[in-house]
Structures are given as C-alpha cells and as structure tokens.
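These notes concern the structure reproduced below.
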Amino acid sequence: MSVTEQGLRERIESAIPGVYHIIVTDLSYGCGQSFDIVVVSNFFLGKNKLMRSRAVNKAVEEELQQIHAFSCKCYTEDEWSKIVV
Amino acid sequence: MFLSKFNLIRSCSPIFRSTTLLRHQTRMFLSTEIRKAIQDAIESAPVVLFMKGTPEFPKCGFSRATIGLLGNQGVDPVKFAAYNVLEDPELREGIKEFSEWPTIPQLFVNKEFVGGCDVITSMARSGELADLLEEAHALVPEEQEAKDN
C-alpha cells in the first residue's frame, strides 16, 4: 500500500503531543514517493532541530521505508507565528 | 584497513580506494565490521558527508543542496570527506542504522551527527552551521581565502 498524505498526518498527530498544525504535501503526484512535511507543536519547545526531526522520523518510521524523498520542518507555535503572518 | 572499505571522495583530489567487498545479504543488524568501517569513515575528517553521488556530481537534490551549503560556508576541502552511498549498498543501509536517521545525506562534524538536509538548511539560515564549523576549525583560513581571491 502506498503512503498517503492522510496516513502520514494521522501517524504524526497520534505520536506528537499538542500538534497545532500539520502540513503534509505529496510531491510525487500521488505515487507516494516524495513528501514535504511541516509540523507545528509546542512539544518541540527546548528541543533542537535534530531531536525534533527524530521525533517525527520515529512517528513515520514504517512509512519512511517506502518513501524515497522526505523533507520535514518542525516549529513551535511561537516560531510558526513568525513565519506565517 | 577497514577505512578502505568505503570509497572516500575528497572534494579537491579524488582518492578511490576500491576493495572487493564481502556482500552480506542479511540486513537484520549492523555487523561489527560495517559499524567499524562507518566509525572509521566518520573519523576520517573533521567534516564528513555521506551523500548520493560525489561533490562534483551529486545524484540527488538533497545531496546537491547540502554540498552547496557546505561550499557557501567555506568548508576547507582538506578538512572535508564525502562518501558516496550509491557505490556501496552496505554503507547506504548501514549508515541509516548507525545514526538512527532514515535519510541521506547525513553530515558529521567532529564525529558528531549533525543532521540531514533540512536540519543543515535551517542551521545555515540561523547561523548555527557557521558557528559549528568555525568551532571545529573546518573553514578555509581567512588569510588563505584572501590570497585565493
């Protein structure tokens, strides 16, 4: 079964506490090979970029085996509010 | 030498040290031999990148972007080593398990895992990458840079 935006979103929502916002974009035109993900949660407060990415990687561990390209950006609510005005 | 197990590519002078590899088909766990070879590779230079393709010819957009970032920061080629995971399936799978990181490229500075393309991109933007490389004395010395220009 190929990986879907919805599937990834659900995985992340159930693994990362206090998710404020998730953007999952399938860049592979539906073949499930390339995804761009943005996760916003205060769970990332006090965690460096490596720790943040590791938490998301862990959540989508199974799906990652099937994906060729995967990009993930993690922000706290405060950091996100400065990006999106 | 276990190091010769993986082809090392220096960005200035390519050194290809190919050896016949034992191909273990099992991917259940990382063998001591592969773990040692990866550790040696990580220790082979202050800045080590595991990538797809070579610095001159990256074979993946993320590897290309990462090489570009390191170049922009002014990483000294003498202090940099790149390993092409596409040349070695054991390295390609082994490095993911070693650093518990699912994707390539992977950057190591002073034997410490730094991250993949997203982490490095964001660190480059915030200035953290410059600080890290500076602290590791991995940048081209300023005098020399002036002379080169």
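Note on naming: chains are A, B, ... as they come in the structure tokens, residues start from 1 per chain, ligands start from 1 in the order shown.
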
I'd like the neighbourhood of B:Val119 as a list in words, where a residue qualifies if any of its atoms comes within 10 Å (using only C-alpha atoms), though same-chain residues fewer than 6 positions away should be ignored.
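Answer for this query is Asn48, Lys49, Leu50, Arg52, Ser53, Ser71, Cys72, Lys73 and Cys74 of chain A; Gln106, Leu107 and Leu129 of chain B.
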
When the cut-off is 10 Å and we count only C-alpha atoms, which residues of chain B are near chain A, given as a list in words?
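Within 10 Å of chain A on chain B, we get Cys60, Gly61, Phe62, Glu100, Trp101, Pro102, Thr103, Ile104, Phe113, Val114, Gly115, Gly116, Cys117, Asp118, Val119, Ile120, Ser122 and Met123 of chain B.
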
Go ahead and save the picked residues with N, CA and C atoms, as a PDB file, in the first residue's frame.
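This went into part_17.pdb:
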ATOM      1  N   CYS B  60      21.384  13.477  -6.206  1.00  0.00           N
ATOM      2  CA  CYS B  60      20.123  13.660  -5.508  1.00  0.00           C
ATOM      3  C   CYS B  60      20.031  15.132  -5.135  1.00  0.00           C
ATOM      4  N   GLY B  61      18.826  15.678  -5.224  1.00  0.00           N
ATOM      5  CA  GLY B  61      18.648  17.098  -4.944  1.00  0.00           C
ATOM      6  C   GLY B  61      19.063  17.497  -3.538  1.00  0.00           C
ATOM      7  N   PHE B  62      18.798  16.616  -2.559  1.00  0.00           N
ATOM      8  CA  PHE B  62      19.127  16.930  -1.169  1.00  0.00           C
ATOM      9  C   PHE B  62      20.644  16.922  -0.961  1.00  0.00           C
ATOM     10  N   GLU B 100      20.729   6.181  13.286  1.00  0.00           N
ATOM     11  CA  GLU B 100      19.293   6.173  13.516  1.00  0.00           C
ATOM     12  C   GLU B 100      18.633   7.351  12.823  1.00  0.00           C
ATOM     13  N   TRP B 101      18.981   7.494  11.583  1.00  0.00           N
ATOM     14  CA  TRP B 101      18.442   8.579  10.757  1.00  0.00           C
ATOM     15  C   TRP B 101      18.068   7.970   9.414  1.00  0.00           C
ATOM     16  N   PRO B 102      16.818   8.182   8.964  1.00  0.00           N
ATOM     17  CA  PRO B 102      16.328   7.384   7.838  1.00  0.00           C
ATOM     18  C   PRO B 102      16.755   7.841   6.449  1.00  0.00           C
ATOM     19  N   THR B 103      17.340   9.023   6.350  1.00  0.00           N
ATOM     20  CA  THR B 103      17.595   9.555   5.006  1.00  0.00           C
ATOM     21  C   THR B 103      19.059   9.932   4.791  1.00  0.00           C
ATOM     22  N   ILE B 104      19.387  10.160   3.521  1.00  0.00           N
ATOM     23  CA  ILE B 104      20.725  10.586   3.108  1.00  0.00           C
ATOM     24  C   ILE B 104      20.523  11.865   2.307  1.00  0.00           C
ATOM     25  N   PHE B 113      27.000  13.420  14.867  1.00  0.00           N
ATOM     26  CA  PHE B 113      25.964  13.512  13.854  1.00  0.00           C
ATOM     27  C   PHE B 113      25.263  14.869  13.961  1.00  0.00           C
ATOM     28  N   VAL B 114      25.205  15.588  12.853  1.00  0.00           N
ATOM     29  CA  VAL B 114      24.581  16.915  12.860  1.00  0.00           C
ATOM     30  C   VAL B 114      23.148  16.833  12.359  1.00  0.00           C
ATOM     31  N   GLY B 115      22.955  16.139  11.240  1.00  0.00           N
ATOM     32  CA  GLY B 115      21.607  16.002  10.711  1.00  0.00           C
ATOM     33  C   GLY B 115      21.600  15.791   9.217  1.00  0.00           C
ATOM     34  N   GLY B 116      20.395  15.859   8.659  1.00  0.00           N
ATOM     35  CA  GLY B 116      20.221  15.716   7.220  1.00  0.00           C
ATOM     36  C   GLY B 116      20.025  17.079   6.577  1.00  0.00           C
ATOM     37  N   CYS B 117      19.522  17.061   5.361  1.00  0.00           N
ATOM     38  CA  CYS B 117      19.431  18.291   4.573  1.00  0.00           C
ATOM     39  C   CYS B 117      18.572  19.382   5.231  1.00  0.00           C
ATOM     40  N   ASP B 118      17.415  18.993   5.780  1.00  0.00           N
ATOM     41  CA  ASP B 118      16.532  20.001   6.395  1.00  0.00           C
ATOM     42  C   ASP B 118      17.180  20.655   7.595  1.00  0.00           C
ATOM     43  N   VAL B 119      17.795  19.819   8.444  1.00  0.00           N
ATOM     44  CA  VAL B 119      18.440  20.327   9.651  1.00  0.00           C
ATOM     45  C   VAL B 119      19.576  21.276   9.263  1.00  0.00           C
ATOM     46  N   ILE B 120      20.376  20.858   8.279  1.00  0.00           N
ATOM     47  CA  ILE B 120      21.526  21.660   7.860  1.00  0.00           C
ATOM     48  C   ILE B 120      21.067  22.978   7.224  1.00  0.00           C
ATOM     49  N   SER B 122      18.322  24.617   7.800  1.00  0.00           N
ATOM     50  CA  SER B 122      17.805  25.514   8.821  1.00  0.00           C
ATOM     51  C   SER B 122      18.939  26.059   9.703  1.00  0.00           C
ATOM     52  N   MET B 123      19.964  25.237   9.940  1.00  0.00           N
ATOM     53  CA  MET B 123      21.124  25.704  10.712  1.00  0.00           C
ATOM     54  C   MET B 123      21.948  26.731   9.938  1.00  0.00           C
TER      55      MET B 123
END

Based on DSSP run over this structure's backbone, return all residues of stretch 12-79 of chain A in strand (DSSP E), as JSON, numbers by chain.
{"A": [19, 20, 21, 22, 23, 24, 25, 26, 34, 35, 36, 37, 38, 39, 40, 41, 69, 70, 71, 72, 73, 74, 75]}

So which residues touch A:Tyr20 within 9 Å, counting only C-alpha atoms, skipping near sequence neighbours fewer than 6 positions away, as a PyMOL selection string?
chain A and resi 39-42+76-77

Could you save those same residues with C-alpha atoms as a tab-separated table (two decimals), in the first residue's frame?
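Printed below is part_23.tsv as written:
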chain	number	residue	atom	x	y	z
A	39	VAL	CA	4.76	20.09	11.97
A	40	VAL	CA	3.92	22.82	14.49
A	41	SER	CA	3.75	21.87	18.16
A	42	ASN	CA	4.93	23.22	21.48
A	76	THR	CA	6.98	25.63	17.93
A	77	GLU	CA	3.81	27.74	17.84

Do a neighbour search on A:Gly30 at 12 Å with only C-alpha atoms, toss out local chain neighbours closer than 4 positions, and write the hits as an MDAnalysis selection string.
chainID A and resid 2:6 25:26 34:35 67

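Distance check against B:Met51 using only C-alpha atoms: of B:Arg92, B:Lys79, B:Lys36, B:Arg125, the minimum falls on B:Arg92.
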
Expressed in Å, the length from atom CA of B:Asp131 to atom CA of A:Asp78 is 24.0 Å

Please list as an mmCIF file with C-alpha atoms, in the first residue's frame every residue within 7 Å of B:Ile42, counting only C-alpha atoms and excluding residues in the same chain fewer than 3 positions away.
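Ended up saving to selection-v2.cif:
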data_model
loop_
_atom_site.group_PDB
_atom_site.id
_atom_site.type_symbol
_atom_site.label_atom_id
_atom_site.label_comp_id
_atom_site.auth_asym_id
_atom_site.auth_seq_id
_atom_site.Cartn_x
_atom_site.Cartn_y
_atom_site.Cartn_z
ATOM 1 C CA ILE B 38 31.479 3.587 9.346
ATOM 2 C CA GLN B 39 33.140 4.783 12.544
ATOM 3 C CA ALA B 45 37.981 14.140 8.560
ATOM 4 C CA VAL B 48 32.223 14.121 6.812
ATOM 5 C CA PHE B 108 29.029 14.613 10.750
ATOM 6 C CA LYS B 111 32.438 12.689 14.798
#
